[in-house]
>>> print(open('data-v5.txt').read())   # compact mmCIF, C-alpha atoms and all ligand atoms
# COMPACT_ATOMS: atom_id res chain seq x y z
CA MET Y 1 -21.09 3.36 -31.27
CA SER Y 2 -18.04 1.26 -32.04
CA THR Y 3 -14.59 2.77 -32.03
CA THR Y 4 -12.81 -0.31 -33.31
CA PHE Y 5 -13.76 -0.17 -36.99
CA GLN Y 6 -11.17 0.78 -39.57
CA LEU Y 7 -11.94 3.80 -41.67
CA ASP Y 8 -10.56 4.78 -45.03
CA THR Y 9 -9.23 8.22 -44.26
CA SER Y 10 -7.93 8.83 -47.77
CA THR Y 11 -11.37 9.71 -49.05
CA SER Y 12 -12.79 12.01 -46.42
CA ARG Y 13 -11.03 14.48 -44.19
CA ALA Y 14 -13.95 14.23 -41.77
CA ASN Y 15 -12.97 10.70 -40.76
CA PRO Y 16 -10.76 10.19 -37.74
CA THR Y 17 -7.53 8.26 -38.03
CA PRO Y 18 -7.70 5.01 -36.09
CA GLN Y 19 -4.46 4.11 -34.35
CA PRO Y 20 -3.53 0.66 -33.08
CA MET Y 21 -2.63 1.70 -29.55
CA ARG Y 22 -3.87 0.71 -26.12
CA ARG Y 23 -5.83 3.32 -24.25
CA LEU Y 24 -5.05 4.36 -20.72
CA THR Y 25 -7.56 2.91 -18.27
CA VAL Y 26 -9.44 4.27 -15.29
CA PRO Y 27 -7.40 2.14 -12.81
CA LYS Y 28 -4.16 3.45 -14.35
CA ILE Y 29 -5.39 7.03 -13.84
CA ARG Y 30 -6.45 6.23 -10.28
CA ASP Y 31 -3.09 4.63 -9.50
CA ARG Y 32 -1.09 7.64 -10.66
CA LYS Y 33 -1.61 8.88 -7.10
CA ALA Y 34 0.17 6.50 -4.73
CA ASP Y 35 0.67 7.10 -1.01
CA GLY Y 36 -0.74 10.58 -1.44
CA ILE Y 37 1.73 11.57 -4.16
CA THR Y 38 1.25 12.02 -7.90
CA ALA Y 39 4.74 12.06 -9.36
CA GLU Y 40 3.45 12.88 -12.85
CA PRO Y 41 0.46 15.26 -12.78
CA LEU Y 42 -2.60 14.22 -14.79
CA VAL Y 43 -3.30 16.24 -17.93
CA MET Y 44 -6.93 16.72 -18.89
CA LEU Y 45 -8.56 19.00 -21.48
CA THR Y 46 -12.12 19.20 -22.64
CA ALA Y 47 -12.85 18.05 -26.20
CA TYR Y 48 -16.09 18.12 -28.14
CA THR Y 49 -15.30 17.03 -31.69
CA ALA Y 50 -13.40 14.19 -33.37
CA ARG Y 51 -10.77 16.49 -34.89
CA GLN Y 52 -10.18 18.29 -31.60
CA ALA Y 53 -9.76 14.89 -29.95
CA GLN Y 54 -7.22 13.78 -32.57
CA LEU Y 55 -5.10 16.85 -31.92
CA LEU Y 56 -5.33 16.83 -28.12
CA ASP Y 57 -5.18 13.09 -27.48
CA PRO Y 58 -1.40 12.54 -27.77
CA HIS Y 59 -0.79 15.21 -25.11
CA CYS Y 60 -3.44 14.25 -22.58
CA ASP Y 61 -4.19 11.49 -20.09
CA LEU Y 62 -7.89 12.28 -20.04
CA LEU Y 63 -10.29 13.99 -22.44
CA LEU Y 64 -13.39 15.41 -20.82
CA VAL Y 65 -16.50 15.83 -22.93
CA GLY Y 66 -17.68 18.59 -20.63
CA ASP Y 67 -21.19 19.93 -20.48
CA SER Y 68 -19.41 23.24 -21.01
CA LEU Y 69 -20.20 22.37 -24.63
CA GLY Y 70 -23.52 24.07 -23.88
CA GLN Y 71 -21.80 27.46 -23.89
CA VAL Y 72 -18.75 26.63 -26.00
CA ILE Y 73 -20.42 24.80 -28.92
CA TYR Y 74 -24.11 25.67 -28.69
CA GLY Y 75 -23.98 29.26 -27.42
CA LEU Y 76 -26.29 28.48 -24.50
CA PRO Y 77 -26.28 30.76 -21.45
CA SER Y 78 -25.31 27.98 -19.01
CA THR Y 79 -24.94 24.20 -18.77
CA ILE Y 80 -28.51 23.77 -17.51
CA PRO Y 81 -30.17 23.23 -20.95
CA VAL Y 82 -27.60 20.64 -22.12
CA THR Y 83 -29.25 17.35 -23.15
CA MET Y 84 -28.31 13.67 -23.08
CA GLU Y 85 -28.33 13.64 -26.90
CA MET Y 86 -25.76 16.43 -27.05
CA MET Y 87 -23.49 14.67 -24.56
CA ALA Y 88 -23.79 11.23 -26.19
CA ASN Y 89 -23.16 12.54 -29.71
CA HIS Y 90 -20.15 14.68 -28.84
CA ALA Y 91 -18.70 11.95 -26.61
CA ALA Y 92 -18.97 9.43 -29.48
CA ALA Y 93 -17.11 11.87 -31.75
CA VAL Y 94 -14.35 12.35 -29.16
CA VAL Y 95 -13.99 8.60 -28.66
CA ARG Y 96 -13.72 8.09 -32.43
CA GLY Y 97 -11.04 10.78 -32.64
CA SER Y 98 -8.88 9.48 -29.79
CA TYR Y 99 -6.94 6.33 -29.04
CA HIS Y 100 -4.82 7.07 -26.00
CA SER Y 101 -6.69 9.16 -23.43
CA VAL Y 102 -9.43 8.00 -21.09
CA VAL Y 103 -12.60 9.70 -22.32
CA VAL Y 104 -14.87 10.97 -19.54
CA VAL Y 105 -18.34 12.29 -20.34
CA ASP Y 106 -20.28 14.77 -18.20
CA MET Y 107 -23.74 13.76 -17.05
CA PRO Y 108 -26.01 16.68 -17.97
CA PHE Y 109 -28.18 18.51 -15.45
CA GLY Y 110 -31.36 16.56 -14.67
CA SER Y 111 -30.03 13.19 -15.80
CA TYR Y 112 -28.76 11.86 -12.47
CA GLU Y 113 -29.93 13.86 -9.44
CA ALA Y 114 -33.36 12.32 -8.79
CA SER Y 115 -32.22 8.80 -7.88
CA PRO Y 116 -29.31 6.37 -8.23
CA GLU Y 117 -31.47 4.31 -10.60
CA ASP Y 118 -32.06 7.33 -12.87
CA ALA Y 119 -28.35 8.02 -12.76
CA PHE Y 120 -27.55 4.44 -13.74
CA ASP Y 121 -29.91 4.56 -16.74
CA SER Y 122 -28.40 7.86 -17.92
CA ALA Y 123 -24.79 6.85 -17.34
CA ALA Y 124 -25.27 3.46 -19.01
CA ARG Y 125 -26.81 5.17 -22.03
CA LEU Y 126 -23.93 7.64 -22.30
CA LEU Y 127 -21.31 4.90 -22.13
CA LYS Y 128 -23.17 2.58 -24.52
CA GLU Y 129 -23.83 5.25 -27.14
CA SER Y 130 -20.38 6.87 -27.00
CA GLY Y 131 -17.83 4.25 -26.00
CA ALA Y 132 -16.52 6.61 -23.28
CA ALA Y 133 -14.91 4.96 -20.25
CA ALA Y 134 -16.36 6.99 -17.39
CA VAL Y 135 -18.87 9.64 -16.41
CA LYS Y 136 -18.44 12.81 -14.37
CA LEU Y 137 -21.16 14.25 -12.17
CA GLU Y 138 -21.35 17.33 -9.97
CA GLY Y 139 -21.99 17.38 -6.23
CA GLY Y 140 -20.44 15.96 -3.08
CA GLU Y 141 -22.04 14.28 -0.08
CA ALA Y 142 -25.51 14.52 -1.63
CA MET Y 143 -24.33 12.48 -4.63
CA ALA Y 144 -22.23 9.92 -2.70
CA GLU Y 145 -24.96 7.26 -2.64
CA THR Y 146 -25.39 7.65 -6.40
CA VAL Y 147 -21.65 7.44 -7.04
CA GLU Y 148 -21.45 4.21 -5.02
CA PHE Y 149 -24.46 2.79 -6.88
CA LEU Y 150 -22.83 3.47 -10.25
CA VAL Y 151 -19.35 2.25 -9.32
CA ASN Y 152 -20.77 -0.99 -7.86
CA ARG Y 153 -22.51 -1.57 -11.19
CA GLY Y 154 -19.47 -1.09 -13.40
CA ILE Y 155 -19.55 2.62 -14.15
CA PRO Y 156 -16.43 4.58 -13.20
CA VAL Y 157 -17.27 8.02 -11.80
CA MET Y 158 -15.26 11.22 -11.63
CA GLY Y 159 -16.59 13.61 -8.97
CA HIS Y 160 -16.73 17.41 -9.16
CA VAL Y 161 -16.72 19.69 -6.09
CA GLY Y 162 -16.29 23.37 -5.24
CA LEU Y 163 -17.81 25.57 -7.91
CA THR Y 164 -20.33 23.29 -9.60
CA PRO Y 165 -21.73 25.17 -12.63
CA GLN Y 166 -24.94 23.10 -12.81
CA ALA Y 167 -25.83 24.59 -9.40
CA VAL Y 168 -25.51 28.18 -10.71
CA ASN Y 169 -29.11 28.95 -9.77
CA VAL Y 170 -28.49 27.89 -6.17
CA LEU Y 171 -25.01 29.44 -5.91
CA GLY Y 172 -26.12 32.68 -7.59
CA GLY Y 173 -23.08 32.89 -9.88
CA TYR Y 174 -19.66 31.52 -10.69
CA ALA Y 175 -17.62 33.12 -7.88
CA ALA Y 176 -14.81 31.13 -6.24
CA ARG Y 177 -15.87 28.93 -3.33
CA GLY Y 178 -14.30 28.11 0.01
CA ARG Y 179 -13.76 31.61 1.39
CA SER Y 180 -15.67 30.97 4.63
CA ASP Y 181 -14.75 28.25 7.14
CA ALA Y 182 -18.13 26.58 6.69
CA GLU Y 183 -17.79 26.49 2.91
CA ALA Y 184 -14.22 25.20 3.12
CA GLU Y 185 -15.24 22.44 5.53
CA LYS Y 186 -18.11 21.45 3.26
CA ILE Y 187 -15.88 21.19 0.18
CA VAL Y 188 -13.36 18.95 1.96
CA GLY Y 189 -16.26 16.86 3.37
CA ASP Y 190 -17.78 16.55 -0.11
CA ALA Y 191 -14.51 15.30 -1.59
CA LYS Y 192 -14.06 12.76 1.22
CA ALA Y 193 -17.60 11.47 0.70
CA LEU Y 194 -16.95 11.02 -3.04
CA GLU Y 195 -13.70 9.21 -2.37
CA ALA Y 196 -15.42 6.88 0.11
CA ALA Y 197 -18.14 6.24 -2.48
CA GLY Y 198 -15.54 5.06 -5.00
CA ALA Y 199 -14.93 8.06 -7.28
CA PHE Y 200 -11.68 7.41 -9.19
CA ALA Y 201 -10.79 11.12 -9.39
CA ILE Y 202 -12.32 14.43 -8.35
CA VAL Y 203 -12.43 17.74 -10.23
CA VAL Y 204 -11.90 20.65 -7.82
CA GLU Y 205 -13.19 23.79 -9.50
CA GLY Y 206 -13.03 27.45 -8.53
CA VAL Y 207 -11.91 27.19 -4.91
CA VAL Y 208 -9.41 29.24 -2.93
CA GLU Y 209 -5.99 27.63 -3.14
CA PRO Y 210 -5.62 26.42 0.48
CA ILE Y 211 -8.87 24.47 0.12
CA ALA Y 212 -7.70 22.84 -3.12
CA ILE Y 213 -4.55 21.76 -1.30
CA ALA Y 214 -6.54 20.55 1.72
CA VAL Y 215 -8.81 18.48 -0.54
CA THR Y 216 -5.81 17.02 -2.39
CA GLU Y 217 -4.21 16.01 0.92
CA ALA Y 218 -7.48 14.66 2.32
CA VAL Y 219 -8.32 12.16 -0.43
CA SER Y 220 -6.35 9.21 -1.78
CA CYS Y 221 -7.75 9.50 -5.33
CA PRO Y 222 -6.34 12.15 -7.70
CA THR Y 223 -7.74 15.67 -7.68
CA ILE Y 224 -7.91 17.57 -10.96
CA GLY Y 225 -7.84 21.32 -10.48
CA ILE Y 226 -9.41 24.12 -12.49
CA GLY Y 227 -9.08 27.49 -10.82
CA ALA Y 228 -7.71 25.58 -7.82
CA SER Y 229 -3.97 24.93 -7.29
CA ALA Y 230 -0.88 23.66 -9.13
CA LYS Y 231 -0.59 21.27 -6.15
CA CYS Y 232 -3.65 19.33 -7.31
CA ASP Y 233 -2.83 15.93 -8.78
CA GLY Y 234 -3.72 17.16 -12.27
CA GLN Y 235 -5.21 20.08 -14.18
CA VAL Y 236 -8.06 20.61 -16.61
CA LEU Y 237 -9.05 23.56 -18.79
CA VAL Y 238 -11.83 24.15 -21.27
CA VAL Y 239 -9.96 23.78 -24.55
CA ASP Y 240 -11.58 26.74 -26.29
CA ASP Y 241 -10.59 28.95 -23.35
CA MET Y 242 -6.92 27.94 -23.43
CA LEU Y 243 -6.81 28.27 -27.21
CA GLY Y 244 -8.09 31.85 -27.02
CA MET Y 245 -11.38 31.31 -28.81
CA PHE Y 246 -13.07 33.79 -26.47
CA GLU Y 247 -12.07 37.35 -25.70
CA ARG Y 248 -13.22 37.16 -22.07
CA VAL Y 249 -12.16 34.22 -19.95
CA PRO Y 250 -12.16 33.56 -16.22
CA ARG Y 251 -9.09 34.63 -14.21
CA PHE Y 252 -7.83 31.05 -13.86
CA VAL Y 253 -7.53 30.50 -17.62
CA LYS Y 254 -4.15 30.86 -19.28
CA LYS Y 255 -4.44 31.54 -23.00
CA TYR Y 256 -1.86 29.42 -24.82
CA GLU Y 257 -2.97 30.71 -28.22
CA ASN Y 258 -5.18 33.36 -29.78
CA LEU Y 259 -7.24 31.32 -32.24
CA ALA Y 260 -10.10 33.83 -32.32
CA GLU Y 261 -7.76 36.36 -33.92
CA THR Y 262 -6.25 33.76 -36.28
CA ILE Y 263 -9.70 32.62 -37.48
CA SER Y 264 -11.02 36.14 -37.86
CA GLU Y 265 -7.95 37.22 -39.87
CA ALA Y 266 -8.18 34.13 -42.12
CA ALA Y 267 -11.89 34.76 -42.76
CA ALA Y 268 -11.14 38.41 -43.62
CA ARG Y 269 -8.41 37.39 -46.10
CA TYR Y 270 -10.73 34.80 -47.69
CA ALA Y 271 -13.58 37.31 -47.98
CA GLY Y 272 -11.23 39.83 -49.59
CA GLU Y 273 -9.99 37.29 -52.17
CA VAL Y 274 -13.52 36.14 -53.03
CA ARG Y 275 -14.58 39.74 -53.52
CA ASP Y 276 -11.61 40.67 -55.71
CA ARG Y 277 -11.85 37.31 -57.57
CA SER Y 278 -8.30 36.23 -56.70
CA PHE Y 279 -9.71 33.06 -55.09
CA PRO Y 280 -9.90 30.41 -56.41
CA GLY Y 281 -6.52 30.72 -58.15
CA PRO Y 282 -4.84 28.37 -60.62
CA ASP Y 283 -3.66 25.99 -57.82
CA GLN Y 284 -7.19 25.40 -56.63
CA LEU Y 285 -8.78 24.72 -60.04
CA TYR Y 286 -9.31 21.55 -62.08
CA GLN Y 287 -8.48 21.80 -65.78
CA PRO Y 288 -9.34 19.40 -68.58
CA LYS Y 289 -6.44 17.03 -69.49
O1 LIG Y 301 -17.97 21.01 -18.33
C1 LIG Y 301 -16.73 21.17 -18.19
O2 LIG Y 301 -16.01 21.54 -19.12
C2 LIG Y 301 -16.17 20.90 -16.88
C3 LIG Y 301 -14.75 21.31 -16.64
C4 LIG Y 301 -14.66 22.77 -16.59
C5 LIG Y 301 -14.19 20.66 -15.46
O3 LIG Y 301 -16.83 20.38 -16.04
>>> encode(input="data-v5.txt", output="structure tokens")
Amino acid sequence: MSTTFQLDTSTSRANPTPQPMRRLTVPKIRDRKADGITAEPLVMLTAYTARQAQLLDPHCDLLLVGDSLGQVIYGLPSTIPVTMEMMANHAAAVVRGSYHSVVVVDMPFGSYEASPEDAFDSAARLLKESGAAAVKLEGGEAMAETVEFLVNRGIPVMGHVGLTPQAVNVLGGYAARGRSDAEAEKIVGDAKALEAAGAFAIVVEGVVEPIAIAVTEAVSCPTIGIGASAKCDGQVLVVDDMLGMFERVPRFVKKYENLAETISEAAARYAGEVRDRSFPGPDQLYQPK
């Protein structure tokens, strides 16, 4: 889906506003970490819709179309049932709504694990159908061959280590990782394997802080923390979590707003005005000339 067409936004509020501005690129993101130091931390948020993307884009370096959309948008119990169609459609919307950030799209569970060739077909489809610049996939050493295969064929890959939600059935839950020496060693090894395979950045999720720092020091590409450490090279949050759309959020989420309350109060006021016939009022009505 093209993102270069010009749209007439005066006629439909659903259309995104195209902006003549150059996007950040994957190499620019990669190069923000130089000699082990990221002077300006990378800012990433998830986004799932065009309007969300429009609002978040000016403030971010990267927008992640996360498979967290399974829970956040579709009300699914985990990311496992998320499909390629869901990811491609939401990624296309986010690309259309943004003009500055690098858009990264999650590869859904089952679309990349079986073989590097399968992964290439899935990743190519996601990029072709959405216009996103890169894919993200979960897993460390076991996925290194696949990451290398994709990168060598023109597909930038963001890795994801530590708590990997697609492995919830193996991990048995969403508890923080890296508490035992063996687990900690594995997470650092996973990150190193992804870096060697050519990942341009690595999400480090739900790990004890010293391990997040160890990973960040061990790899030359940027790490992006979530439930990890402020010393990572960047941070990511699920946008609906940080906006307060859910009452219960994981410990690592900081709520910057309370949109659930705002929406609920607005809906209650609207319902009241419909019921007492004070909406629509004179300002909202068309009258004959
Ligand atoms: O799916 C997602 O939103 C993610 C982030 C939490 C990193 O993978």
>>> atom_distance(input="data-v5.txt", atom1="atom CA of Asn169 of chain Y", atom2="atom CA of Val236 of chain Y")
23.7 Å
>>> residues_near_ligand(input="data-v5.txt", ligand="ligand LIG 301 (chain Y)", cutoff="8 Å", atoms="only C-alpha atoms and all ligand atoms", output="list in words")
Thr46, Leu64, Val65, Gly66, Asp67, Ser68, Leu69, Thr79, Asp106, Lys136, His160, Thr164, Pro165, Val203, Val204, Glu205, Ile226, Val236, Leu237 and Val238 of chain Y
>>> closest_residue(input="data-v5.txt", among="Y:Val43, Y:Lys128, Y:Ala123, Y:Val249", to="Gln235 of chain Y", atoms="only C-alpha atoms")
Y:Val43
>>> atom_distance(input="data-v5.txt", atom1="atom CA of Glu273 of chain Y", atom2="atom CA of Gln52 of chain Y")
28.0 Å
>>> residues_around(input="data-v5.txt", residues="Glu141 of chain Y", least_positions_apart="4", cutoff="10 Å", atoms="only C-alpha atoms", output="PyMOL selection string")
chain Y and resi 145-147+161+186-187+189-194+196-197
>>> axis_aligned_box(input="data-v5.txt", around="segment 75-92 of chain Y", padding_each_side="5 Å", output="lines of an AutoDock Vina configuration file")
center_x = -24.4
center_y = 20.1
center_z = -23.6
size_x = 21.5
size_y = 31.3
size_z = 22.2
>>> atom_distance(input="data-v5.txt", atom1="atom CA of Ala91 of chain Y", atom2="atom CA of Cys232 of chain Y")
25.6 Å
>>> residues_around(input="data-v5.txt", residues="Ile29 of chain Y", least_positions_apart="4", cutoff="10 Å", atoms="only C-alpha atoms", output="list of chain:residue names")
Y:Leu24, Y:Thr25, Y:Lys33, Y:Leu42, Y:Asp61, Y:Leu62, Y:Ser101, Y:Val102, Y:Phe200, Y:Ala201, Y:Cys221, Y:Pro222
>>> closest_residue(input="data-v5.txt", among="Y:Ala268, Y:Lys255, Y:His90, Y:Leu150", to="Asp118 of chain Y", atoms="all atoms listed in the file")
Y:Leu150
>>> residues_around(input="data-v5.txt", residues="Leu127 of chain Y", least_positions_apart="6", cutoff="12 Å", atoms="only C-alpha atoms", output="list in words")
Met1, Ser2, Val65, Met84, Met87, Ala88, Asn89, His90, Ala91, Ala92, Val95, Val103, Val104, Val105, Asp106, Met107, Phe120, Asp121, Ala133, Ala134, Val135, Lys136, Gly154, Ile155, Pro156 and Val157 of chain Y
>>> decode(input="data-v5.txt", residues="segment 219-231 of chain Y", atoms="all heavy atoms", output="PDB file, in the first residue's frame")
ATOM      1  N   VAL Y 219      26.227  -5.457  23.546  1.00  0.00           N
ATOM      2  CA  VAL Y 219      25.964  -5.376  22.103  1.00  0.00           C
ATOM      3  C   VAL Y 219      26.223  -3.964  21.580  1.00  0.00           C
ATOM      4  O   VAL Y 219      26.053  -2.986  22.312  1.00  0.00           O
ATOM      5  CB  VAL Y 219      24.509  -5.807  21.748  1.00  0.00           C
ATOM      6  CG1 VAL Y 219      24.274  -7.260  22.113  1.00  0.00           C
ATOM      7  CG2 VAL Y 219      23.481  -4.891  22.402  1.00  0.00           C
ATOM      8  N   SER Y 220      26.615  -3.897  20.308  1.00  0.00           N
ATOM      9  CA  SER Y 220      26.921  -2.577  19.732  1.00  0.00           C
ATOM     10  C   SER Y 220      25.678  -1.928  19.130  1.00  0.00           C
ATOM     11  O   SER Y 220      25.675  -0.722  18.887  1.00  0.00           O
ATOM     12  CB  SER Y 220      28.019  -2.705  18.673  1.00  0.00           C
ATOM     13  OG  SER Y 220      27.567  -3.558  17.649  1.00  0.00           O
ATOM     14  N   CYS Y 221      24.616  -2.710  18.887  1.00  0.00           N
ATOM     15  CA  CYS Y 221      23.384  -2.093  18.366  1.00  0.00           C
ATOM     16  C   CYS Y 221      22.538  -1.595  19.552  1.00  0.00           C
ATOM     17  O   CYS Y 221      22.706  -2.058  20.679  1.00  0.00           O
ATOM     18  CB  CYS Y 221      22.598  -3.085  17.502  1.00  0.00           C
ATOM     19  SG  CYS Y 221      22.013  -4.528  18.383  1.00  0.00           S
ATOM     20  N   PRO Y 222      21.626  -0.659  19.299  1.00  0.00           N
ATOM     21  CA  PRO Y 222      20.820  -0.128  20.414  1.00  0.00           C
ATOM     22  C   PRO Y 222      19.903  -1.174  21.030  1.00  0.00           C
ATOM     23  O   PRO Y 222      19.331  -2.011  20.322  1.00  0.00           O
ATOM     24  CB  PRO Y 222      19.983   0.985  19.756  1.00  0.00           C
ATOM     25  CG  PRO Y 222      20.609   1.266  18.448  1.00  0.00           C
ATOM     26  CD  PRO Y 222      21.324   0.023  18.024  1.00  0.00           C
ATOM     27  N   THR Y 223      19.759  -1.098  22.354  1.00  0.00           N
ATOM     28  CA  THR Y 223      18.743  -1.889  23.049  1.00  0.00           C
ATOM     29  C   THR Y 223      17.576  -0.962  23.378  1.00  0.00           C
ATOM     30  O   THR Y 223      17.773   0.214  23.676  1.00  0.00           O
ATOM     31  CB  THR Y 223      19.290  -2.486  24.357  1.00  0.00           C
ATOM     32  OG1 THR Y 223      19.741  -1.409  25.201  1.00  0.00           O
ATOM     33  CG2 THR Y 223      20.424  -3.460  24.104  1.00  0.00           C
ATOM     34  N   ILE Y 224      16.373  -1.512  23.306  1.00  0.00           N
ATOM     35  CA  ILE Y 224      15.175  -0.726  23.613  1.00  0.00           C
ATOM     36  C   ILE Y 224      14.455  -1.450  24.744  1.00  0.00           C
ATOM     37  O   ILE Y 224      13.988  -2.577  24.576  1.00  0.00           O
ATOM     38  CB  ILE Y 224      14.288  -0.584  22.364  1.00  0.00           C
ATOM     39  CG1 ILE Y 224      15.122   0.082  21.247  1.00  0.00           C
ATOM     40  CG2 ILE Y 224      13.040   0.231  22.686  1.00  0.00           C
ATOM     41  CD1 ILE Y 224      14.382   0.378  19.990  1.00  0.00           C
ATOM     42  N   GLY Y 225      14.420  -0.809  25.898  1.00  0.00           N
ATOM     43  CA  GLY Y 225      13.917  -1.473  27.094  1.00  0.00           C
ATOM     44  C   GLY Y 225      12.423  -1.308  27.299  1.00  0.00           C
ATOM     45  O   GLY Y 225      11.832  -0.292  26.943  1.00  0.00           O
ATOM     46  N   ILE Y 226      11.827  -2.347  27.876  1.00  0.00           N
ATOM     47  CA  ILE Y 226      10.450  -2.277  28.380  1.00  0.00           C
ATOM     48  C   ILE Y 226      10.440  -3.168  29.617  1.00  0.00           C
ATOM     49  O   ILE Y 226      10.678  -4.382  29.533  1.00  0.00           O
ATOM     50  CB  ILE Y 226       9.394  -2.688  27.322  1.00  0.00           C
ATOM     51  CG1 ILE Y 226       7.999  -2.771  27.951  1.00  0.00           C
ATOM     52  CG2 ILE Y 226       9.751  -3.960  26.575  1.00  0.00           C
ATOM     53  CD1 ILE Y 226       6.856  -2.792  26.950  1.00  0.00           C
ATOM     54  N   GLY Y 227      10.265  -2.548  30.772  1.00  0.00           N
ATOM     55  CA  GLY Y 227      10.437  -3.315  32.009  1.00  0.00           C
ATOM     56  C   GLY Y 227      11.870  -3.783  32.121  1.00  0.00           C
ATOM     57  O   GLY Y 227      12.136  -4.934  32.464  1.00  0.00           O
ATOM     58  N   ALA Y 228      12.820  -2.894  31.840  1.00  0.00           N
ATOM     59  CA  ALA Y 228      14.231  -3.304  31.767  1.00  0.00           C
ATOM     60  C   ALA Y 228      15.117  -2.336  32.550  1.00  0.00           C
ATOM     61  O   ALA Y 228      15.431  -2.595  33.708  1.00  0.00           O
ATOM     62  CB  ALA Y 228      14.653  -3.401  30.304  1.00  0.00           C
ATOM     63  N   SER Y 229      15.532  -1.214  31.937  1.00  0.00           N
ATOM     64  CA  SER Y 229      16.377  -0.245  32.632  1.00  0.00           C
ATOM     65  C   SER Y 229      16.387   1.070  31.862  1.00  0.00           C
ATOM     66  O   SER Y 229      16.345   1.071  30.628  1.00  0.00           O
ATOM     67  CB  SER Y 229      17.822  -0.758  32.717  1.00  0.00           C
ATOM     68  OG  SER Y 229      18.675   0.279  33.187  1.00  0.00           O
ATOM     69  N   ALA Y 230      16.482   2.178  32.600  1.00  0.00           N
ATOM     70  CA  ALA Y 230      16.626   3.499  31.968  1.00  0.00           C
ATOM     71  C   ALA Y 230      17.978   3.604  31.279  1.00  0.00           C
ATOM     72  O   ALA Y 230      18.217   4.527  30.506  1.00  0.00           O
ATOM     73  CB  ALA Y 230      16.470   4.599  33.003  1.00  0.00           C
ATOM     74  N   LYS Y 231      18.886   2.634  31.573  1.00  0.00           N
ATOM     75  CA  LYS Y 231      20.209   2.661  30.926  1.00  0.00           C
ATOM     76  C   LYS Y 231      20.202   1.973  29.562  1.00  0.00           C
ATOM     77  O   LYS Y 231      21.229   1.927  28.890  1.00  0.00           O
ATOM     78  CB  LYS Y 231      21.239   2.025  31.846  1.00  0.00           C
ATOM     79  CG  LYS Y 231      21.447   2.845  33.103  1.00  0.00           C
ATOM     80  CD  LYS Y 231      22.767   2.506  33.782  1.00  0.00           C
ATOM     81  CE  LYS Y 231      23.023   3.446  34.936  1.00  0.00           C
ATOM     82  NZ  LYS Y 231      23.116   2.767  36.224  1.00  0.00           N
TER      83      LYS Y 231
END
